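The structure appears below as structure tokens.
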Amino acid sequence: MRNLLILLALTGLGFTSCTTPKIAEERPPKGEKAATEKIIGLLKERLEKDYPAPARTKRDAHPKQHGLVKAEFIIEPDIPSQLKVGIFREAKTYESWIRYSNLSPGNPDLKKDSRGMAIKVMGVAGKKMLPGLEDALTQDFVFMSTQVFVTKDVKGFGNLLGSINRSKLNAALHFLTHPRLVGLFLKVQIQIPNLLGVEWGSTTPYLLGDGMAVKYAVLPRTPTTESIPDKKDNVADDYLRERLVANLAEEDVYLDFYVQLQKDPRTMPIEDPRKLWKPEESPFIKVATIKVLKQTFDTPEQQLYGDNLSFSPWHALPVHRPLGGVNRGRRAIYMTMSAFRHDRNQEKMAEPASWADFRE
Ligand code: HEM
């Protein structure tokens with residue numbers, strides 16, 4: 001046995017894929033491009049079925065928009081110097097939009113679901129990564145209401161989506177044969193008391209500067225005092241929007257924006273967002289404050305404006321490049337799917353430069 005191991009080591013056979021990756025190192029698996037294209041095909045098929053003309057086409061994922069709200073995105077002055085990179089380089093206050101959503105289209109808010117928070121920071125100088133958006137003055141951050149994602153890679157996600165698209169029976173069979181997926185699905189689908197008390201996670205990693213990798217998290221500064229409503233109380237289907245309206249009519253709300261550094265590539269992998277990066281192993285480090293302003297946001301015009309915006313993890317400065325297979329897939333998926341829905345709605349895609357770009 002020992003001789004066989006020495007022989008394999010000498011010839012390099014069998015060991016190439018077993019070496020520990022370096023910090024921030026990506027290892028694209030075979031078949032990733034084909035899986036990404038398959039997902040795009042399935043998503044287009046689903047939108048065509050769900051929104052036959054002349055219905056307005058919504059996002060395939062996160063179509064239920066609770067609201068688009070104004071927030072100041074404030075970079076802290078005293079962050080550790082190694083993290084002062086890209087948008088975090090200098091203490092500055094940016095205008096931003098935050099779009100809150102549910103993953104599922106028509107469900108009442110009380111039903112377990114994955115929730116979304118997408119942030120568009122405005123006034124960000126420097127060339128951005130996506131073709132056609134290089135000179136846009138915006139940068140996006142995309143969060144969901146957990147710290148882990150449901151599949152390891154786009155291939156896994158494509159297989160899941162394919163089974164869901166085929167039939168309920170196929171989807172059930174897929175879950176039966178993928179027990180880990182069931183556990184993760186149950187974990188990411190949650191009930192929440194309100195949107196301002198949620199702990200948000202990027203779930204997937206991002207480059208920071210030249211060779212660091214981080215995940216992002218946004219946590220409420222003060223825990224919410226509201227509780228999950230009781231089904232018996234005849235709760236409104238859209239109680240999350242109603243509570244957001246009520247909360248922001250009263251006061252500004254503060255959230256804290258953190259980065260979590262990748263320390264050990266084995267326990268904190270780049271290529272598997274199902275794996276939690278444990279805060280005990282690498283604590284969250286605060287880099288910005290989000291001040292969600294006291295405001296009225298719930299008008300039909302502002303709802304439509306938010307619906308027409310596009311957010312992508314890839315719309316960022318290159319020093320914040322998304323990492324890992326799920327993120328690599330999202331580059332083409334978000335660009336193509338946003339263009340697809342805008343085309344079907346005969347609407348132009350546009351990036352705002354400031355709050356002033358929106359006029360009721
Ligand atoms: C392979 C995996 C994924 C696929 C196929 C996928 C697909 C999509 C699509 C098609 C959209 C709508 C794009 C548009 O029309 O503008 C979207 C939006 C969104 N996704 Fe994903 N996604 C994936 C992974 C993730 C992950 C890991 C997160 C975790 C943060 C996430 C969170 C969101 C959120 C919050 C939105 C709504 C953004 C907005 O408000 O516009 N997705 N996704």
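Identifiers in the structure tokens: chain A, B, ... in order shown; residue index from 1 per chain; ligand index from 1 in order shown.
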
Write down as a ChimeraX atom specification the residues belonging to segment 23-250 of chain A that are assigned strand (DSSP E) by DSSP computed on the backbone. /A:64-75,93-102,115-122,138-144,200-201,206-208,212-220

For Pro229 of chain A, work out the shell of residues within 8 Å, counting only C-alpha atoms and skipping chain neighbours fewer than 2 positions away, then give it as a list in words.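 After dropping sequence-adjacent residues, the list is Leu110, Pro193, Ser227, Lys231, Asp233 and Val235 of chain A.
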
Go ahead and save the picked residues with C-alpha atoms, as a CSV table (one decimal), in the first residue's frame.
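Okay, part01.csv is ready:
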chain,number,residue,atom,x,y,z
A,110,LEU,CA,-46.8,33.8,6.9
A,193,PRO,CA,-41.8,38.7,12.3
A,227,SER,CA,-43.2,38.4,17.0
A,231,LYS,CA,-52.4,32.2,12.1
A,233,ASP,CA,-55.4,36.3,14.2
A,235,VAL,CA,-53.2,37.9,9.6

Each segment 156-180 of chain A residue no farther than 12 Å from segment 310-329 of chain A, nearest pair in Å, only C-alpha atoms, as JSON lines:
{"residue": "A:Gly156", "atom": "CA", "partner": "A:Val326", "partner_atom": "CA", "distance": 9.6}
{"residue": "A:Phe157", "atom": "CA", "partner": "A:Val326", "partner_atom": "CA", "distance": 8.5}
{"residue": "A:Gly158", "atom": "CA", "partner": "A:Gly329", "partner_atom": "CA", "distance": 10.4}

Give me a file of those residues, with N, CA and C atoms, as a compact mmCIF listing (two decimals), in the first residue's frame.
# COMPACT_ATOMS: atom_id res chain seq x y z
N GLY A 156 -26.16 21.03 -9.37
CA GLY A 156 -27.15 20.60 -8.37
C GLY A 156 -28.41 21.45 -8.46
N PHE A 157 -28.23 22.76 -8.67
CA PHE A 157 -29.39 23.65 -8.74
C PHE A 157 -30.21 23.37 -10.00
N GLY A 158 -29.50 23.11 -11.11
CA GLY A 158 -30.17 22.81 -12.39
C GLY A 158 -30.99 21.54 -12.28

Rank A:Lys64, A:Arg166, A:Arg27, A:Lys44 by their smallest atom-to-atom distance to Asp109 of chain A, using only C-alpha atoms, and report the top residue only. A:Lys64

For ligand 1, which of A:Asp230, A:Glu281, A:Glu271, A:Asp357 is the closest residue, counting only C-alpha atoms and all ligand atoms? A:Glu271

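For the pair atom CA of Leu68 of chain A and atom CA of Trp97 of chain A, the interatomic distance is 6.5 Å.
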